[in-house]
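Okay, structure first, notes after.
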Amino acid sequence: MRFRTAPTRFTNWSSSALHADVPPLSIYLHWPFCQAICPYCDFNVHLMRDMQPAAWRTAYRAELAYAASQRPSGPVQTVFFGGGTPSMMPPDLVADILAEIDRLWGLAADAEITLEANPVSAPLAQLQAMAQAGVTRLSLGVQSLDDAALKFLGRTHRAADAVAAFEAARACFRHVSLDLIYARPDQSVDAWRAELADALALQPDHMSLYQLTIEPETPFHRLHEAGRFAVPSEDGAADLYEVTQEMCTQAGLPAYEVSNHARPGHACRHNVGSWQGHDYLGIGPGAHGRLSDAQGRRATHAIRAPQEWLAAVNTQGHGWAEDTRLDLMDTQAEALMLGLRLVEGVSLARLQGLGLSLDADRHAPLEGLKDNGLIEVTPTHLRATPSGRLVLDQIIAALLT
């Protein structure tokens, strides 16, 4: 991701900002295959046809070895198997990948190993095998507890399947996330209250609650453009968001990020590390990565098409299509854009390490945002207020003016 912005008015250009200590390391591994592709999804996903596990095992191991040559220091703190539907992976492949990561870098003793799952690809036996392979955390894509909504969203499971999969997952893993999509067409506040109450009644320890967005080049985008359905207005979506915050907080799952809620000790460490600017290696088709070295920050991006990625790994040992040096301005912008997603905000020490000053005399937009109750500066962090998180894009744009 590249940010083309003018220098901020609170930038203090400092060459020392490019020589910070190497951050902790995580690995994101992309499994691009699904049984069906949801009409709202714009991720790098493909229908699984004639997938050869042996070929993918060899390719993943090869790209991990290449990644180790680019960032040899460990240990790895978190691993995230994303997709796609990684719960369709053979458990022995997951185990082999984790063993290779441990061999190359070492896995931290308390490493968090997350795997995304679809309820219909997560029977108890499969989940038990994934836990045995080393997975410690499951992210379950429930998306709705309303059968009509699930059909609209193109999901292949019913609400009862989702509840059964959630209960099975909780029997296998200490950490389980339940993911839902709201702000769907014609969804009222009362209907969302009822559905969210049903989800909270399951007593999850973590929930990822996303508003439906209409992404370009998806079936939903074409239907939306044709007037086949409409999503809630900005005010309507804000009402749904505020209900979400209220109910989750009352249930003991306060937000720790714009779309994520957790009981103490159950936040997703992998995602928090990414938002805080830790290093992560992107492995697999279309995977993104961020690396730090003495010269600054690098952004990597792998070839998206699975067969093209496989061919590249076979011929050159990796499928990375881009390995771009981020300039200081890009790194500063990314630190703000990701760090302000967190409820705690972005640490002042990190901003100062990147050469950013919060001197009020030099940054009028910051003072304006503070005066309007959208952002605040604590002794340790710059953070958006609850009202500010409703307009986070506007806050970022103002700070980067």
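Ordered as shown in the structure tokens, chains take letters A, B, and onward, while each chain numbers its residues from 1 and ligands are numbered from 1 in the order shown.
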
- Hey, what's within 7 Å of Thr300 of chain A if we count only C-alpha atoms and toss same-chain stuff fewer than 6 positions away? As a VMD selection string, please? chain A and resid 288 to 290 320 322 to 324

- Message: Just want the 12 Å neighbourhood of Ala55 of chain A, counted on only C-alpha atoms, with same-chain residues fewer than 2 positions away dropped. Output as a list in words.
- Response: Asp50, Met51, Gln52, Pro53, Arg57, Thr58, Ala59, Tyr60, Arg61, Ala62, Leu93, Pro306, Gln307, Trp309, Leu310, Ala311, Val313 and Asn314 of chain A

- Query: Please, which residues of segment 123-183 of chain A, numbered as in this document, come out helix (DSSP H, G or I) from DSSP, as a ChimeraX atom specification?
  - Reply: /A:124-133,147-152,159-172

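Counting from atom CA of Tyr28 of chain A, the distance to atom CA of Leu281 of chain A is 6.0 Å.
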
Give me the residues near Ala149 of chain A as a tab-separated table (two decimals) with N, CA and C atoms, in the first residue's frame, where near means some atom within 10 Å (using only C-alpha atoms) and where sequence neighbours in that chain fewer than 5 positions away do not count.
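The result, written out as part_5.tsv:
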```tsv
chain	number	residue	atom	x	y	z
A	143	GLN	N	-20.88	-14.54	10.30
A	143	GLN	CA	-21.42	-13.46	9.47
A	143	GLN	C	-22.85	-13.06	9.81
A	144	SER	N	-23.70	-14.00	10.18
A	144	SER	CA	-25.05	-13.65	10.63
A	144	SER	C	-25.65	-14.83	11.38
A	154	GLY	N	-24.74	-14.95	0.60
A	154	GLY	CA	-24.13	-16.01	-0.20
A	154	GLY	C	-23.43	-17.06	0.63
A	155	ARG	N	-23.76	-17.16	1.91
A	155	ARG	CA	-23.13	-18.14	2.77
A	155	ARG	C	-23.76	-19.52	2.56
A	158	ARG	N	-26.26	-22.41	7.68
A	158	ARG	CA	-27.40	-21.83	8.36
A	158	ARG	C	-26.97	-21.42	9.77
A	159	ALA	N	-27.82	-20.65	10.43
A	159	ALA	CA	-27.49	-20.15	11.76
A	159	ALA	C	-27.21	-21.30	12.72
A	181	ILE	N	-21.41	-9.68	10.24
A	181	ILE	CA	-21.53	-8.53	9.34
A	181	ILE	C	-22.87	-7.86	9.61
A	182	TYR	N	-22.86	-6.55	9.84
A	182	TYR	CA	-24.12	-5.82	10.04
A	182	TYR	C	-24.18	-4.63	9.09
A	184	ARG	N	-26.62	-4.30	7.04
A	184	ARG	CA	-27.10	-4.94	5.81
A	184	ARG	C	-28.33	-4.20	5.29
A	185	PRO	N	-28.75	-4.44	4.05
A	185	PRO	CA	-29.93	-3.75	3.51
A	185	PRO	C	-31.16	-3.92	4.40
A	187	GLN	N	-31.73	-3.36	7.38
A	187	GLN	CA	-31.55	-3.82	8.75
A	187	GLN	C	-31.85	-2.68	9.73
```

Would you mind listing what lies within 9 Å of segment 166-172 of chain A as a compact mmCIF listing (two decimals) with C-alpha atoms, in the first residue's frame, with only C-alpha atoms counted and same-chain residues fewer than 2 positions away left out?
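Final output, saved to result-v5.txt:
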```
# COMPACT_ATOMS: atom_id res chain seq x y z
CA PRO A 119 -18.74 -23.13 9.87
CA ALA A 122 -15.15 -26.87 10.74
CA PRO A 123 -16.53 -30.19 12.01
CA LEU A 124 -15.30 -31.28 15.41
CA LEU A 127 -10.98 -28.67 14.60
CA GLN A 128 -9.41 -31.25 16.89
CA MET A 130 -6.06 -28.30 13.76
CA ALA A 131 -5.56 -27.92 17.50
CA THR A 136 -4.35 -21.93 19.33
CA LEU A 138 -9.94 -19.88 15.69
CA LEU A 140 -15.09 -18.30 12.84
CA VAL A 142 -20.43 -16.77 11.18
CA ASP A 161 -24.61 -24.68 11.73
CA ALA A 162 -22.77 -21.59 12.94
CA VAL A 163 -23.80 -22.10 16.56
CA ALA A 164 -22.79 -25.77 16.43
CA ARG A 174 -8.96 -21.33 24.36
CA HIS A 175 -9.40 -18.38 22.00
CA VAL A 176 -12.35 -18.31 19.57
CA SER A 177 -13.60 -15.27 17.63
CA LEU A 178 -17.14 -14.98 16.31
CA LEU A 202 -23.24 -17.53 23.31
CA PRO A 204 -17.92 -15.37 23.09
```

- Task: Using backbone DSSP assignments, extract all strand (DSSP E or B) residues from segment 147-251 of chain A; output them as a PyMOL selection string.
- Result: chain A and resi 175-182+206-211

- If we count only C-alpha atoms, what is near Gln245 of chain A at a cut-off of 12 Å, once residues fewer than 6 positions away on the same chain are taken out, given as an MDAnalysis selection string? chainID A and resid 193 196 207:209 238:239 251:262 343 386:387 389:390

Please produce a file of the residues just selected, as a PDB file, in the first residue's frame, where the atoms kept are C-alpha atoms.
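Now in result-v9.pdb:
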```
ATOM      1  CA  ARG A 193     -30.131  -5.553  18.657  1.00  0.00           C
ATOM      2  CA  LEU A 196     -26.399  -9.227  18.430  1.00  0.00           C
ATOM      3  CA  MET A 207     -16.107 -10.704  18.302  1.00  0.00           C
ATOM      4  CA  SER A 208     -15.208  -9.059  15.012  1.00  0.00           C
ATOM      5  CA  LEU A 209     -18.201  -6.964  13.929  1.00  0.00           C
ATOM      6  CA  ALA A 238     -23.681   5.207  12.767  1.00  0.00           C
ATOM      7  CA  ASP A 239     -26.761   4.283  14.810  1.00  0.00           C
ATOM      8  CA  ALA A 251     -21.632  -7.681  27.871  1.00  0.00           C
ATOM      9  CA  GLY A 252     -17.987  -7.315  28.911  1.00  0.00           C
ATOM     10  CA  LEU A 253     -16.533  -7.148  25.394  1.00  0.00           C
ATOM     11  CA  PRO A 254     -15.432  -3.525  24.952  1.00  0.00           C
ATOM     12  CA  ALA A 255     -13.929  -2.452  21.654  1.00  0.00           C
ATOM     13  CA  TYR A 256     -10.160  -2.527  21.401  1.00  0.00           C
ATOM     14  CA  GLU A 257     -10.221  -1.576  17.708  1.00  0.00           C
ATOM     15  CA  VAL A 258     -12.803  -0.043  15.387  1.00  0.00           C
ATOM     16  CA  SER A 259     -14.402  -3.415  14.533  1.00  0.00           C
ATOM     17  CA  ASN A 260     -13.044  -5.744  17.205  1.00  0.00           C
ATOM     18  CA  HIS A 261     -14.253  -6.479  20.731  1.00  0.00           C
ATOM     19  CA  ALA A 262     -12.776  -8.769  23.364  1.00  0.00           C
ATOM     20  CA  VAL A 343      -8.958   2.316  20.903  1.00  0.00           C
ATOM     21  CA  PRO A 386     -15.622   7.276  20.462  1.00  0.00           C
ATOM     22  CA  SER A 387     -17.142  10.027  18.300  1.00  0.00           C
ATOM     23  CA  ARG A 389     -13.940   6.574  15.491  1.00  0.00           C
ATOM     24  CA  LEU A 390     -17.171   7.172  13.568  1.00  0.00           C
TER      25      LEU A 390
END
```

- Task: Would you list the contacts of His270 of chain A as a PyMOL selection string, taking every protein, DNA or RNA residue within 7 Å and counting only C-alpha atoms, but skipping same-chain residues closer than 4 positions in sequence?
- Result: chain A and resi 26+78+80+274

- Provide the atom CA of Asn372 of chain A to atom CA of Leu356 of chain A distance in Å, to one decimal place. 21.9 Å

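The smallest atom-to-atom distance between Lys151 of chain A and any of A:Ile101, A:Cys38, A:Ala333, A:Ile396, using only C-alpha atoms, is found for A:Cys38.
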
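Distance check against Leu342 of chain A using only C-alpha atoms: of A:Gly273, A:Pro264, A:Gly141, A:Gly355, the minimum falls on A:Gly273.
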
- Can you tell me how far atom CA of Pro91 of chain A sits from atom CA of Ala117 of chain A, in Å to one decimal? 12.7 Å

Can you tell me, as a PDB file with N, CA and C atoms, in the first residue's frame, what residues are no more than 10 Å from Gly134 of chain A when counting only C-alpha atoms, ignoring any on the same chain fewer than 2 positions away?
```
ATOM      1  N   PRO A  91      -4.805 -30.694   7.891  1.00  0.00           N
ATOM      2  CA  PRO A  91      -4.147 -30.372   9.159  1.00  0.00           C
ATOM      3  C   PRO A  91      -2.657 -30.703   9.178  1.00  0.00           C
ATOM      4  N   VAL A  94      -0.804 -27.742   7.836  1.00  0.00           N
ATOM      5  CA  VAL A  94      -0.681 -26.696   8.853  1.00  0.00           C
ATOM      6  C   VAL A  94       0.443 -27.041   9.830  1.00  0.00           C
ATOM      7  N   ALA A  95       0.465 -28.294  10.284  1.00  0.00           N
ATOM      8  CA  ALA A  95       1.510 -28.728  11.221  1.00  0.00           C
ATOM      9  C   ALA A  95       2.893 -28.607  10.598  1.00  0.00           C
ATOM     10  N   ASP A  96       3.018 -28.965   9.325  1.00  0.00           N
ATOM     11  CA  ASP A  96       4.309 -28.911   8.646  1.00  0.00           C
ATOM     12  C   ASP A  96       4.787 -27.469   8.496  1.00  0.00           C
ATOM     13  N   LEU A  98       3.999 -24.923  10.420  1.00  0.00           N
ATOM     14  CA  LEU A  98       4.399 -24.426  11.740  1.00  0.00           C
ATOM     15  C   LEU A  98       5.752 -24.998  12.160  1.00  0.00           C
ATOM     16  N   ALA A  99       5.991 -26.261  11.839  1.00  0.00           N
ATOM     17  CA  ALA A  99       7.287 -26.857  12.148  1.00  0.00           C
ATOM     18  C   ALA A  99       8.405 -26.159  11.377  1.00  0.00           C
ATOM     19  N   ALA A 111       3.416 -18.365  21.485  1.00  0.00           N
ATOM     20  CA  ALA A 111       2.995 -17.911  20.166  1.00  0.00           C
ATOM     21  C   ALA A 111       1.495 -18.104  19.964  1.00  0.00           C
ATOM     22  N   GLU A 112       0.865 -17.090  19.378  1.00  0.00           N
ATOM     23  CA  GLU A 112      -0.550 -17.161  19.003  1.00  0.00           C
ATOM     24  C   GLU A 112      -0.634 -17.654  17.565  1.00  0.00           C
ATOM     25  N   ILE A 113      -1.372 -18.744  17.344  1.00  0.00           N
ATOM     26  CA  ILE A 113      -1.515 -19.321  16.008  1.00  0.00           C
ATOM     27  C   ILE A 113      -3.001 -19.282  15.651  1.00  0.00           C
ATOM     28  N   THR A 114      -3.376 -18.350  14.782  1.00  0.00           N
ATOM     29  CA  THR A 114      -4.782 -18.156  14.411  1.00  0.00           C
ATOM     30  C   THR A 114      -5.079 -18.807  13.071  1.00  0.00           C
ATOM     31  N   ALA A 129      -8.093 -31.799  14.925  1.00  0.00           N
ATOM     32  CA  ALA A 129      -6.845 -32.021  14.196  1.00  0.00           C
ATOM     33  C   ALA A 129      -6.048 -30.718  14.062  1.00  0.00           C
ATOM     34  N   MET A 130      -6.748 -29.590  13.857  1.00  0.00           N
ATOM     35  CA  MET A 130      -6.059 -28.305  13.763  1.00  0.00           C
ATOM     36  C   MET A 130      -5.431 -27.925  15.102  1.00  0.00           C
ATOM     37  N   ALA A 131      -6.142 -28.191  16.185  1.00  0.00           N
ATOM     38  CA  ALA A 131      -5.565 -27.918  17.503  1.00  0.00           C
ATOM     39  C   ALA A 131      -4.334 -28.780  17.739  1.00  0.00           C
ATOM     40  N   GLN A 132      -4.400 -30.029  17.329  1.00  0.00           N
ATOM     41  CA  GLN A 132      -3.257 -30.928  17.463  1.00  0.00           C
ATOM     42  C   GLN A 132      -2.085 -30.450  16.600  1.00  0.00           C
ATOM     43  N   THR A 136      -3.913 -22.296  17.982  1.00  0.00           N
ATOM     44  CA  THR A 136      -4.351 -21.926  19.333  1.00  0.00           C
ATOM     45  C   THR A 136      -5.583 -21.034  19.333  1.00  0.00           C
ATOM     46  N   ARG A 137      -5.918 -20.472  18.163  1.00  0.00           N
ATOM     47  CA  ARG A 137      -7.014 -19.494  18.104  1.00  0.00           C
ATOM     48  C   ARG A 137      -7.769 -19.686  16.806  1.00  0.00           C
TER      49      ARG A 137
END
```

- Note on the structure: Across A:Gln35, A:Leu153, A:Pro219, A:Leu64, the smallest distance to Val120 of chain A, with only C-alpha atoms counted, is shown by A:Gln35
